[in-house]
>>> print(open('model-v7.cif').read())   # mmCIF, C-alpha atoms
data_start
loop_
_atom_site.label_atom_id
_atom_site.label_comp_id
_atom_site.auth_asym_id
_atom_site.auth_seq_id
_atom_site.Cartn_x
_atom_site.Cartn_y
_atom_site.Cartn_z
CA MET A 1 -0.06 10.44 8.28
CA ARG A 2 -2.94 10.96 5.93
CA ASP A 3 -6.45 10.97 7.36
CA GLY A 4 -8.11 7.81 6.08
CA MET A 5 -11.30 8.66 7.99
CA ARG A 6 -12.18 11.46 5.55
CA ASP A 7 -13.74 8.77 3.37
CA GLY A 8 -15.02 6.86 6.42
CA MET A 9 -12.41 4.13 6.14
CA ARG A 10 -9.05 3.21 7.67
CA ASP A 11 -6.28 1.70 5.62
CA VAL A 12 -5.86 -1.14 8.13
CA ILE A 13 -7.69 -2.24 11.25
CA VAL A 14 -5.68 -4.53 13.53
CA VAL A 15 -7.84 -6.66 15.80
CA GLY A 16 -5.85 -7.38 18.95
CA GLY A 17 -3.55 -5.04 20.88
CA GLY A 18 -1.06 -7.53 22.26
CA PRO A 19 2.64 -7.36 21.41
CA VAL A 20 2.20 -8.75 17.88
CA GLY A 21 -0.72 -6.49 17.01
CA MET A 22 1.09 -3.46 18.38
CA MET A 23 4.28 -4.30 16.49
CA LEU A 24 2.34 -4.49 13.23
CA ALA A 25 0.48 -1.27 14.01
CA CYS A 26 3.77 0.55 14.65
CA LEU A 27 5.31 -0.74 11.42
CA LEU A 28 2.26 0.34 9.41
CA ALA A 29 2.00 3.75 11.08
CA ALA A 30 5.71 4.37 10.53
CA GLU A 31 5.06 3.83 6.80
CA GLY A 32 2.37 6.52 6.83
CA LEU A 33 -0.63 4.20 6.67
CA ASP A 34 -3.81 5.01 8.57
CA VAL A 35 -4.14 2.21 11.11
CA GLU A 36 -6.37 1.60 14.10
CA VAL A 37 -6.14 -1.10 16.77
CA LEU A 38 -9.24 -2.66 18.33
CA GLU A 39 -8.41 -4.23 21.68
CA ARG A 40 -10.85 -6.08 23.91
CA ARG A 41 -9.04 -5.21 27.14
CA THR A 42 -9.53 -1.87 28.86
CA GLU A 43 -6.53 -2.37 31.15
CA PRO A 44 -3.20 -4.06 30.45
CA SER A 45 -2.75 -7.64 31.56
CA MET A 46 -0.06 -7.90 34.23
CA ARG A 47 0.47 -11.59 33.58
CA SER A 48 4.04 -12.22 32.53
CA ARG A 49 3.82 -14.65 29.64
CA ALA A 50 6.42 -14.45 26.86
CA ILE A 51 9.79 -13.11 28.03
CA GLY A 52 12.46 -14.01 25.45
CA ILE A 53 13.19 -11.54 22.64
CA HIS A 54 15.51 -12.93 19.99
CA PRO A 55 17.96 -11.02 17.74
CA PRO A 56 15.72 -10.89 14.63
CA SER A 57 12.98 -9.37 16.79
CA LEU A 58 15.40 -6.85 18.25
CA ARG A 59 16.23 -5.72 14.72
CA ALA A 60 12.52 -5.27 14.04
CA LEU A 61 12.07 -3.33 17.29
CA ALA A 62 14.99 -1.09 16.27
CA ARG A 63 13.15 -0.21 13.05
CA ILE A 64 10.29 1.32 15.05
CA GLY A 65 12.53 2.96 17.67
CA VAL A 66 11.81 0.65 20.61
CA ALA A 67 14.89 -1.60 20.84
CA ASP A 68 17.13 0.69 22.90
CA ALA A 69 14.52 1.29 25.61
CA LEU A 70 13.71 -2.40 25.75
CA ILE A 71 17.34 -3.52 25.99
CA GLU A 72 17.93 -0.97 28.77
CA ARG A 73 15.22 -2.68 30.87
CA ALA A 74 15.96 -6.28 29.90
CA VAL A 75 18.42 -8.93 31.02
CA GLN A 76 20.85 -9.91 28.28
CA ILE A 77 21.18 -13.69 28.10
CA GLU A 78 24.48 -14.49 26.42
CA ASP A 79 24.57 -18.23 27.02
CA GLY A 80 22.63 -21.22 28.26
CA VAL A 81 23.55 -24.55 29.79
CA VAL A 82 21.90 -27.96 29.80
CA GLU A 83 22.07 -30.24 32.85
CA CYS A 84 20.88 -33.66 33.94
CA ASP A 85 21.34 -35.36 37.33
CA ARG A 86 23.47 -32.37 38.52
CA HIS A 87 25.92 -32.82 35.64
CA ARG A 88 26.58 -30.43 32.78
CA LEU A 89 25.64 -31.85 29.38
CA GLY A 90 26.53 -28.84 27.29
CA ARG A 91 26.54 -25.10 26.79
CA MET A 92 25.17 -22.79 24.11
CA GLU A 93 26.89 -19.46 23.54
CA PHE A 94 24.90 -16.75 21.81
CA THR A 95 27.66 -14.13 21.56
CA ARG A 96 29.19 -15.70 18.46
CA VAL A 97 26.11 -15.98 16.29
CA GLY A 98 25.73 -12.28 15.45
CA ALA A 99 27.51 -9.01 16.04
CA GLU A 100 24.55 -6.63 16.21
CA TYR A 101 22.61 -8.32 19.02
CA PRO A 102 24.76 -11.15 20.45
CA PHE A 103 22.22 -12.10 23.11
CA VAL A 104 18.59 -12.91 23.86
CA ALA A 105 16.83 -10.13 25.77
CA ALA A 106 14.54 -11.20 28.62
CA LEU A 107 11.73 -8.88 29.70
CA PRO A 108 8.19 -9.61 30.94
CA GLN A 109 5.61 -9.36 28.19
CA TYR A 110 3.61 -6.62 29.90
CA GLU A 111 6.67 -4.35 29.85
CA THR A 112 7.37 -5.09 26.21
CA GLU A 113 3.75 -4.45 25.32
CA ALA A 114 3.81 -1.17 27.23
CA LEU A 115 6.79 0.09 25.24
CA LEU A 116 5.05 -0.81 21.98
CA ARG A 117 1.86 0.94 23.10
CA GLN A 118 3.79 4.07 23.97
CA ARG A 119 5.52 4.09 20.61
CA PHE A 120 2.29 3.59 18.70
CA ASP A 121 0.69 6.42 20.64
CA GLN A 122 3.53 8.64 19.40
CA LEU A 123 3.01 7.51 15.81
CA ALA A 124 -0.80 7.50 15.85
CA PRO A 125 -2.24 9.19 18.94
CA GLY A 126 -5.58 7.86 20.14
CA ARG A 127 -5.76 4.98 17.69
CA VAL A 128 -5.89 2.14 20.23
CA ARG A 129 -9.53 1.56 21.13
CA GLY A 130 -9.84 -0.26 24.45
CA GLY A 131 -12.92 -2.29 25.35
CA ALA A 132 -13.67 -3.03 21.69
CA ILE A 133 -15.30 -6.44 21.16
CA VAL A 134 -15.21 -7.54 17.54
CA THR A 135 -18.32 -9.61 16.86
CA GLY A 136 -18.11 -9.99 13.08
CA VAL A 137 -15.77 -9.50 10.12
CA ARG A 138 -16.97 -9.49 6.50
CA ASP A 139 -14.94 -9.07 3.32
CA ALA A 140 -17.05 -6.84 1.07
CA GLY A 141 -14.73 -7.09 -1.93
CA ASP A 142 -13.26 -3.57 -1.97
CA HIS A 143 -13.14 -3.20 1.83
CA VAL A 144 -13.82 -5.10 5.07
CA ASP A 145 -16.71 -4.45 7.47
CA VAL A 146 -15.97 -4.99 11.17
CA ASP A 147 -18.81 -5.21 13.69
CA VAL A 148 -17.79 -3.75 17.05
CA ASP A 149 -19.44 -3.75 20.46
CA VAL A 150 -18.19 -2.20 23.70
CA ASP A 151 -17.04 -3.88 26.90
CA VAL A 152 -17.21 -1.29 29.65
CA ARG A 153 -15.81 -3.62 32.27
CA GLU A 154 -12.24 -3.24 33.40
CA ALA A 155 -10.04 -6.32 33.16
CA PRO A 156 -8.37 -6.93 36.54
CA ALA A 157 -4.72 -7.80 36.91
CA ALA A 158 -3.79 -11.37 37.69
CA PRO A 159 -4.63 -12.37 41.29
CA GLY A 160 -1.82 -11.59 43.67
CA ARG A 161 0.15 -9.78 40.97
CA THR A 162 1.54 -6.35 41.85
CA ALA A 163 3.56 -3.99 39.72
CA GLN A 164 7.32 -4.32 39.89
CA PRO A 165 9.62 -1.28 39.98
CA THR A 166 10.79 -1.91 36.41
CA GLU A 167 7.30 -1.95 34.93
CA VAL A 168 6.13 0.66 32.46
CA PRO A 169 2.47 1.68 32.77
CA THR A 170 0.40 0.99 29.69
CA GLY A 171 -2.18 3.54 28.58
CA THR A 172 -5.39 2.35 26.96
CA ALA A 173 -8.21 4.23 25.31
CA GLN A 174 -11.38 4.83 27.27
CA PRO A 175 -14.27 2.51 26.31
CA THR A 176 -16.42 5.54 25.42
CA GLU A 177 -14.06 6.25 22.51
CA VAL A 178 -14.84 2.93 20.85
CA PRO A 179 -16.86 3.23 17.64
CA THR A 180 -19.82 0.87 17.95
CA GLY A 181 -21.72 -0.69 15.10
CA THR A 182 -19.78 -1.31 11.89
CA VAL A 183 -16.42 0.22 11.03
CA GLN A 184 -14.56 -0.21 7.77
CA ALA A 185 -11.01 -0.67 6.53
CA ARG A 186 -9.31 -1.55 3.30
CA TYR A 187 -7.68 -4.49 5.10
CA VAL A 188 -8.21 -6.20 8.46
CA VAL A 189 -5.56 -8.18 10.32
CA GLY A 190 -6.38 -10.72 13.00
CA ALA A 191 -3.83 -10.48 15.81
CA ASP A 192 -6.40 -11.72 18.31
CA GLY A 193 -4.76 -14.91 19.52
CA ALA A 194 -5.33 -18.64 19.24
CA ARG A 195 -9.12 -18.26 19.64
CA SER A 196 -9.20 -15.67 16.87
CA VAL A 197 -12.61 -14.21 16.02
CA VAL A 198 -11.14 -12.88 12.78
CA ARG A 199 -9.86 -16.30 11.69
CA ALA A 200 -13.22 -17.90 12.46
CA ALA A 201 -15.08 -15.20 10.54
CA ALA A 202 -12.81 -15.75 7.52
CA GLY A 203 -13.57 -19.48 7.60
CA ILE A 204 -9.91 -20.48 7.94
CA ARG A 205 -9.22 -23.92 9.43
CA PHE A 206 -6.94 -24.17 12.47
CA THR A 207 -5.42 -27.65 12.48
CA LYS A 208 -3.74 -29.41 15.40
CA TYR A 209 -0.07 -30.20 14.92
CA GLY A 210 1.77 -32.73 17.08
CA PRO A 211 0.99 -34.10 20.56
CA PRO A 212 -0.04 -31.92 23.53
CA ALA A 213 1.97 -31.24 26.68
CA THR A 214 1.32 -29.57 30.05
CA TYR A 215 3.46 -27.28 32.16
CA LEU A 216 3.55 -25.27 35.39
CA MET A 217 5.13 -21.83 35.39
CA GLY A 218 6.03 -19.19 37.97
CA ASP A 219 8.33 -16.25 38.68
CA PHE A 220 10.57 -16.24 41.76
CA ASP A 221 12.88 -13.75 43.44
CA THR A 222 16.32 -15.35 43.47
CA GLU A 223 18.00 -12.66 45.59
CA PRO A 224 17.77 -14.77 48.78
CA LEU A 225 19.51 -17.70 47.09
CA ALA A 226 22.96 -18.44 48.42
CA SER A 227 25.54 -17.51 45.79
CA GLU A 228 27.47 -20.70 46.47
CA GLN A 229 24.46 -22.88 45.70
CA TYR A 230 23.52 -21.02 42.54
CA MET A 231 27.08 -20.91 41.27
CA HIS A 232 27.44 -24.62 41.97
CA GLN A 233 24.32 -25.39 39.98
CA ASN A 234 25.15 -23.07 37.09
CA GLY A 235 28.85 -23.45 36.54
CA ALA A 236 31.97 -21.39 36.82
CA GLY A 237 32.11 -17.67 36.20
CA SER A 238 30.97 -14.58 38.02
CA ALA A 239 27.76 -14.42 40.02
CA LYS A 240 26.48 -11.91 37.45
CA THR A 241 27.09 -14.42 34.65
CA ALA A 242 25.35 -17.23 36.53
CA HIS A 243 22.30 -15.10 37.33
CA SER A 244 21.91 -13.99 33.69
CA ARG A 245 22.25 -17.49 32.26
CA ALA A 246 19.46 -19.66 30.89
CA VAL A 247 19.44 -23.18 32.32
CA LEU A 248 17.66 -26.22 30.88
CA TYR A 249 17.39 -29.21 33.20
CA PHE A 250 16.69 -32.31 31.09
CA GLU A 251 15.76 -34.46 34.06
CA ARG A 252 14.30 -37.95 34.37
CA GLY A 253 10.95 -36.61 35.54
CA GLY A 254 10.66 -34.02 32.75
CA VAL A 255 12.28 -30.78 31.70
CA VAL A 256 12.67 -27.76 33.98
CA GLU A 257 13.59 -24.43 32.39
CA SER A 258 14.97 -21.38 34.16
CA PHE A 259 15.38 -17.92 32.62
CA PRO A 260 16.57 -14.66 34.18
CA LEU A 261 14.36 -11.59 34.49
CA PRO A 262 15.21 -8.03 35.54
CA GLY A 263 15.56 -7.25 39.23
CA GLY A 264 17.05 -10.56 40.35
CA ARG A 265 13.96 -12.54 39.33
CA ARG A 266 13.78 -15.81 37.41
CA ARG A 267 11.07 -17.52 35.37
CA TRP A 268 10.75 -21.26 36.08
CA VAL A 269 8.80 -23.68 33.88
CA ALA A 270 8.37 -27.40 34.61
CA MET A 271 6.77 -30.04 32.42
CA THR A 272 4.00 -31.91 34.25
CA ASP A 273 2.20 -35.18 33.61
CA ARG A 274 -1.21 -33.49 33.56
CA LEU A 275 -2.76 -30.03 33.66
CA SER A 276 -2.86 -28.83 37.28
CA PRO A 277 -4.76 -25.51 37.47
CA GLY A 278 -4.95 -25.74 41.27
CA ALA A 279 -1.19 -26.08 41.76
CA SER A 280 0.51 -23.48 43.93
CA SER A 281 3.90 -21.81 43.79
CA ALA A 282 4.97 -24.15 46.58
CA ASP A 283 3.99 -27.11 44.40
CA LEU A 284 6.09 -25.76 41.55
CA ALA A 285 9.03 -25.10 43.86
CA GLY A 286 8.74 -28.66 45.16
CA ILE A 287 8.82 -30.13 41.64
CA ILE A 288 11.90 -28.07 40.79
CA ARG A 289 13.68 -29.01 44.02
CA TRP A 290 12.91 -32.72 43.56
CA ARG A 291 14.12 -32.79 39.96
CA THR A 292 17.08 -30.40 40.09
CA GLY A 293 18.04 -29.85 43.73
CA VAL A 294 17.62 -26.07 43.31
CA ASP A 295 15.75 -23.89 45.85
CA VAL A 296 14.07 -21.30 43.68
CA GLY A 297 13.56 -18.48 46.19
CA VAL A 298 10.51 -16.39 47.06
CA PRO A 299 7.46 -16.66 44.75
CA LEU A 300 6.33 -13.39 43.14
CA GLY A 301 2.79 -14.54 42.50
CA PRO A 302 0.71 -17.64 41.94
CA ALA A 303 1.89 -20.45 39.69
CA SER A 304 0.24 -20.76 36.30
CA ALA A 305 -0.66 -24.10 34.73
CA PHE A 306 -0.97 -24.26 30.96
CA ALA A 307 -1.40 -26.79 28.19
CA VAL A 308 0.38 -26.66 24.86
CA GLN A 309 -1.27 -27.87 21.68
CA GLN A 310 0.29 -26.59 18.51
CA HIS A 311 -1.97 -25.43 15.67
CA LEU A 312 -1.36 -24.13 12.16
CA ALA A 313 -3.84 -22.11 10.10
CA ALA A 314 -4.61 -23.52 6.65
CA ARG A 315 -3.88 -20.10 5.16
CA LEU A 316 -2.87 -16.69 6.47
CA VAL A 317 -4.72 -14.58 3.91
CA ALA A 318 -8.34 -14.71 2.77
CA GLY A 319 -9.13 -11.84 0.43
CA ARG A 320 -8.66 -8.63 2.42
CA ILE A 321 -8.26 -10.44 5.74
CA ALA A 322 -4.84 -11.53 7.04
CA LEU A 323 -3.60 -13.29 10.17
CA VAL A 324 -0.49 -12.84 12.33
CA GLY A 325 0.86 -14.35 15.53
CA ASP A 326 -1.14 -16.91 17.49
CA ALA A 327 -4.15 -16.31 15.25
CA ALA A 328 -2.04 -17.77 12.43
CA HIS A 329 -0.04 -20.39 14.29
CA GLU A 330 -0.04 -21.55 17.90
CA ILE A 331 3.53 -22.68 18.57
CA SER A 332 4.80 -24.17 21.82
CA PRO A 333 6.36 -21.49 24.05
CA ILE A 334 9.09 -23.97 24.94
CA GLY A 335 12.06 -22.44 23.15
CA GLY A 336 10.58 -18.95 23.17
CA GLN A 337 9.38 -18.86 19.56
CA GLY A 338 5.72 -17.77 19.84
CA MET A 339 5.82 -13.99 20.26
CA ASN A 340 8.97 -13.67 18.15
CA LEU A 341 7.42 -15.64 15.31
CA GLY A 342 4.42 -13.31 15.39
CA TRP A 343 6.67 -10.25 15.25
CA LEU A 344 8.41 -11.65 12.19
CA ASP A 345 4.98 -12.19 10.63
CA ALA A 346 4.37 -8.48 11.18
CA VAL A 347 7.70 -7.55 9.62
CA GLN A 348 6.71 -9.33 6.40
CA LEU A 349 3.03 -8.39 6.41
CA ALA A 350 3.58 -4.64 6.85
CA PRO A 351 5.30 -4.07 3.47
CA ALA A 352 2.84 -6.45 1.79
CA LEU A 353 -0.09 -4.37 3.05
CA ARG A 354 1.64 -1.12 2.14
CA ARG A 355 2.11 -2.37 -1.42
CA ALA A 356 -1.42 -3.75 -1.61
CA ILE A 357 -2.87 -0.36 -0.61
CA ARG A 358 -0.62 1.81 -2.77
CA GLU A 359 -0.41 -0.52 -5.79
CA THR A 360 -3.79 -2.20 -5.96
CA ASP A 361 -2.85 -4.35 -8.96
CA ALA A 362 0.00 -5.85 -6.93
CA ALA A 363 -2.19 -6.76 -3.94
CA PRO A 364 -2.84 -10.43 -4.78
CA SER A 365 0.82 -11.30 -5.39
CA ALA A 366 2.08 -9.32 -2.37
CA LEU A 367 -0.31 -11.02 0.02
CA GLU A 368 0.13 -14.45 -1.55
CA THR A 369 3.89 -14.16 -1.04
CA TYR A 370 3.34 -13.30 2.62
CA ASP A 371 0.97 -16.24 3.02
CA ARG A 372 3.30 -18.75 1.39
CA ARG A 373 6.48 -17.67 3.17
CA ARG A 374 5.03 -17.36 6.65
CA ARG A 375 3.15 -20.65 6.50
CA ARG A 376 6.39 -22.35 5.50
CA THR A 377 8.24 -20.66 8.36
CA ALA A 378 5.48 -21.57 10.82
CA ARG A 379 5.71 -25.23 9.84
CA THR A 380 9.46 -25.16 10.39
CA ALA A 381 8.99 -23.47 13.77
CA ALA A 382 6.39 -26.05 14.76
CA VAL A 383 8.80 -28.86 13.92
CA GLN A 384 11.54 -27.25 15.99
CA ALA A 385 9.16 -26.62 18.89
CA GLY A 386 7.95 -30.21 18.69
CA PHE A 387 11.55 -31.41 18.89
CA ASN A 388 12.12 -29.20 21.95
CA MET A 389 9.01 -30.62 23.62
CA ALA A 390 10.04 -34.20 22.84
CA MET A 391 13.52 -33.64 24.25
CA GLY A 392 11.96 -32.45 27.50
CA ARG A 393 9.69 -35.42 28.12
CA PRO A 394 10.44 -37.83 31.00
CA ARG A 395 13.14 -40.36 30.16
CA THR A 396 14.81 -43.22 32.00
CA GLY A 397 17.25 -46.03 31.23
CA ALA A 398 18.50 -46.37 27.66
CA LEU A 399 16.27 -43.56 26.40
CA LEU A 400 17.73 -41.17 28.98
CA ALA A 401 21.28 -42.18 28.01
CA ALA A 402 20.50 -41.71 24.31
CA ARG A 403 18.96 -38.29 24.88
CA ASN A 404 21.92 -37.12 26.96
CA ALA A 405 24.34 -38.36 24.30
CA LEU A 406 22.39 -36.42 21.66
CA VAL A 407 22.49 -33.25 23.78
CA ARG A 408 26.25 -33.58 24.25
CA SER A 409 26.78 -33.97 20.50
CA LEU A 410 24.58 -30.98 19.69
CA ALA A 411 26.41 -28.84 22.25
CA ALA A 412 29.82 -29.59 20.73
CA PRO A 413 31.33 -27.90 17.63
CA PRO A 414 30.41 -27.69 14.84
CA ALA A 415 26.78 -28.51 15.72
CA SER A 416 26.74 -26.05 18.64
CA ALA A 417 26.90 -23.02 16.34
CA LEU A 418 23.93 -24.29 14.32
CA VAL A 419 21.94 -25.02 17.48
CA ALA A 420 22.66 -21.54 18.82
CA ARG A 421 21.46 -20.01 15.54
CA ALA A 422 18.28 -22.09 15.64
CA PHE A 423 17.63 -21.28 19.31
CA THR A 424 17.98 -17.54 18.64
CA MET A 425 15.73 -17.82 15.54
CA ARG A 426 18.30 -16.39 13.15
CA TRP A 427 17.09 -18.75 10.44
CA LEU A 428 13.66 -17.08 10.47
#
>>> encode(input="model-v7.cif", output="structure tokens")
Amino acid sequence: MRDGMRDGMRDVIVVGGGPVGMMLACLLAAEGLDVEVLERRTEPSMRSRAIGIHPPSLRALARIGVADALIERAVQIEDGVVECDRHRLGRMEFTRVGAEYPFVAALPQYETEALLRQRFDQLAPGRVRGGAIVTGVRDAGDHVDVDVDVDVREAPAAPGRTAQPTEVPTGTAQPTEVPTGTVQARYVVGADGARSVVRAAAGIRFTKYGPPATYLMGDFDTEPLASEQYMHQNGAGSAKTAHSRAVLYFERGGVVESFPLPGGRRRWVAMTDRLSPGASSADLAGIIRWRTGVDVGVPLGPASAFAVQQHLAARLVAGRIALVGDAAHEISPIGGQGMNLGWLDAVQLAPALRRAIRETDAAPSALETYDRRRRRTARTAAVQAGFNMAMGRPRTGALLAARNALVRSLAAPPASALVARAFTMRWL
């Protein structure tokens, strides 16, 4: 890697060291570009947010040498079933939609992020700056100025959250290593989430898309569950198959989703009629039991309430500033598209930036192509996520019967193959 700091300037500064920012940083560093990541946190977040990693993302992870280690730690979800009122409506099989990665990998986000951090540290040692607060971003025409302050506080882990045996520790730079004042780069990428400072500084609108929805989420240890009960709820096959299966309960009171995690754990998500930040794990377990009849097991931490409001950025490029991930598009996590969509942004932005830096005359067209393609993809993803959210809303009477009939038709050939491809994001 050439030393871009000899002229006081990096090739690329990535603002935000989450999974999308780290993916982009790895892709850029692997191409020999001089890249630095500015991350507000000084310690990794132990909150388990995104968990599903789809086949296109696995291919991208393979390019930077992370896929094998991730798959070794993850649960491989090869199919999913849809139920209502204790009856099977349909089944999606992922093994037939691609030979290379015929499954969805499930791994807590903090483990995925740790693997990406470790890989980037191999490619560009010491280039993640923890505790860096970006306070301003200005496009100066031939470079970008980034104003940086330092947060010396340590971010605590989520209350009640303790490390699991499968976790990989994440190293972060010491706050004293953060350059304060103004740093410069040829290009800056905002990977700093839905409340992006970079997007705001670039003056890019972030427009609401579709209606909001609220959910309650928690992780539970399913080991104590009786095999007979779980097998009864999740269909025929081995206990191993049942425990590695995704289950969508399209119930009258609202959708409940269940996804496997390593170590006999499961992630449960239930749609709610309002945001309930004070709800407990017992409250979530009660909702699940009332709607589905399933006892979820022992909670592994507090429940988390969250609201979903989709947003799309008006553009993803403004001069020498670009956006990826939630900074570019906030997509409902229902269906598991958010993190994966951001990774696929990174896959397309990395070669565009490489070309823009090495062939300056080609910069406008390379970045415009990225902007156009990824905005189009984000709109499509938002439509799909909106459909998923609508399918999960409470239904009774004729509307319930119509929804169930639609699910049955989508789960039957030939539509089932198309649905499986869409669910695993192979069209992106």
>>> closest_residue(input="model-v7.cif", among="A:Asp273, A:Asp121, A:Glu330, A:Asp85", to="A:Ala382", atoms="all atoms listed in the file")
A:Glu330
>>> residues_around(input="model-v7.cif", residues="A:Leu284", least_positions_apart="6", cutoff="9 Å", atoms="only C-alpha atoms", output="PDB file with C-alpha atoms, keeping the file's coordinate frame")
ATOM      1  CA  LEU A 216       3.550 -25.270  35.390  1.00  0.00           C
ATOM      2  CA  MET A 217       5.130 -21.830  35.390  1.00  0.00           C
ATOM      3  CA  GLY A 218       6.030 -19.190  37.970  1.00  0.00           C
ATOM      4  CA  TRP A 268      10.750 -21.260  36.080  1.00  0.00           C
ATOM      5  CA  VAL A 269       8.800 -23.680  33.880  1.00  0.00           C
ATOM      6  CA  ALA A 270       8.370 -27.400  34.610  1.00  0.00           C
ATOM      7  CA  ALA A 303       1.890 -20.450  39.690  1.00  0.00           C
TER       8      ALA A 303
END
>>> closest_residue(input="model-v7.cif", among="A:Glu251, A:Asp192, A:Glu368, A:Glu31", to="A:Trp290", atoms="all atoms listed in the file")
A:Glu251
>>> closest_residue(input="model-v7.cif", among="A:Val137, A:Val183, A:Met389, A:Leu38", to="A:Met9", atoms="only C-alpha atoms")
A:Val183
>>> residues_around(input="model-v7.cif", residues="A:Arg354", least_positions_apart="3", cutoff="8 Å", atoms="all atoms listed in the file", output="JSON, numbers by chain")
{"A": [28, 31, 33, 350, 351, 357, 358]}
>>> write_last_selection(input="model-v7.cif", atoms="C-alpha atoms", output="PDB file, keeping the file's coordinate frame")
ATOM      1  CA  LEU A  28       2.260   0.340   9.410  1.00  0.00           C
ATOM      2  CA  GLU A  31       5.060   3.830   6.800  1.00  0.00           C
ATOM      3  CA  LEU A  33      -0.630   4.200   6.670  1.00  0.00           C
ATOM      4  CA  ALA A 350       3.580  -4.640   6.850  1.00  0.00           C
ATOM      5  CA  PRO A 351       5.300  -4.070   3.470  1.00  0.00           C
ATOM      6  CA  ILE A 357      -2.870  -0.360  -0.610  1.00  0.00           C
ATOM      7  CA  ARG A 358      -0.620   1.810  -2.770  1.00  0.00           C
TER       8      ARG A 358
END
>>> resolve_selection(input="model-v7.cif", expression="the PyMOL selection byres ((chain A and resi 414-422) around 10)", output="PyMOL selection string")
chain A and resi 55+79-80+90-98+335+381+384+407-413+423-428
>>> atom_distance(input="model-v7.cif", atom1="atom CA of A:Arg205", atom2="atom CA of A:Ala307")
20.5 Å
>>> residues_around(input="model-v7.cif", residues="A:Arg49", least_positions_apart="4", cutoff="10 Å", atoms="all atoms listed in the file", output="list of chain:residue names")
A:Ser45, A:Leu107, A:Pro108, A:Gln109, A:Tyr110, A:Met217, A:Gly218, A:Arg267, A:Ser304, A:Pro333, A:Met339
>>> residues_around(input="model-v7.cif", residues="stretch 133-136 of chain A", least_positions_apart="6", cutoff="7 Å", atoms="only C-alpha atoms", output="PyMOL selection string")
chain A and resi 40+146-151+201
>>> closest_residue(input="model-v7.cif", among="A:Val66, A:Leu312, A:Ala285, A:Ala398", to="A:Val298", atoms="all atoms listed in the file")
A:Ala285
>>> decode(input="model-v7.cif", residues="stretch 260-272 of chain A", atoms="N, CA and C atoms", output="mmCIF file, in the first residue's frame")
data_model
loop_
_atom_site.group_PDB
_atom_site.id
_atom_site.type_symbol
_atom_site.label_atom_id
_atom_site.label_comp_id
_atom_site.auth_asym_id
_atom_site.auth_seq_id
_atom_site.Cartn_x
_atom_site.Cartn_y
_atom_site.Cartn_z
ATOM 1 N N PRO A 260 -32.522 -18.694 13.642
ATOM 2 C CA PRO A 260 -31.512 -19.364 14.463
ATOM 3 C C PRO A 260 -30.227 -18.559 14.564
ATOM 4 N N LEU A 261 -29.547 -18.719 15.689
ATOM 5 C CA LEU A 261 -28.233 -18.146 15.927
ATOM 6 C C LEU A 261 -27.308 -19.246 16.436
ATOM 7 N N PRO A 262 -26.007 -19.056 16.371
ATOM 8 C CA PRO A 262 -25.081 -20.069 16.887
ATOM 9 C C PRO A 262 -25.315 -20.362 18.363
ATOM 10 N N GLY A 263 -24.950 -21.579 18.765
ATOM 11 C CA GLY A 263 -25.016 -21.943 20.175
ATOM 12 C C GLY A 263 -26.405 -22.234 20.685
ATOM 13 N N GLY A 264 -27.327 -22.649 19.820
ATOM 14 C CA GLY A 264 -28.667 -23.001 20.273
ATOM 15 C C GLY A 264 -29.536 -21.803 20.605
ATOM 16 N N ARG A 265 -29.150 -20.607 20.133
ATOM 17 C CA ARG A 265 -29.927 -19.405 20.401
ATOM 18 C C ARG A 265 -30.862 -19.116 19.223
ATOM 19 N N ARG A 266 -31.874 -18.292 19.482
ATOM 20 C CA ARG A 266 -32.741 -17.819 18.411
ATOM 21 C C ARG A 266 -33.063 -16.342 18.607
ATOM 22 N N ARG A 267 -33.181 -15.623 17.498
ATOM 23 C CA ARG A 267 -33.625 -14.242 17.482
ATOM 24 C C ARG A 267 -35.127 -14.239 17.215
ATOM 25 N N TRP A 268 -35.882 -13.549 18.071
ATOM 26 C CA TRP A 268 -37.327 -13.422 17.909
ATOM 27 C C TRP A 268 -37.682 -11.955 17.714
ATOM 28 N N VAL A 269 -38.529 -11.675 16.742
ATOM 29 C CA VAL A 269 -38.989 -10.318 16.458
ATOM 30 C C VAL A 269 -40.507 -10.351 16.301
ATOM 31 N N ALA A 270 -41.202 -9.465 17.018
ATOM 32 C CA ALA A 270 -42.663 -9.403 16.936
ATOM 33 C C ALA A 270 -43.096 -7.988 16.600
ATOM 34 N N MET A 271 -44.004 -7.864 15.627
ATOM 35 C CA MET A 271 -44.602 -6.566 15.336
ATOM 36 C C MET A 271 -45.495 -6.153 16.505
ATOM 37 N N THR A 272 -45.472 -4.867 16.845
ATOM 38 C CA THR A 272 -46.291 -4.358 17.939
ATOM 39 C C THR A 272 -47.170 -3.211 17.422
#
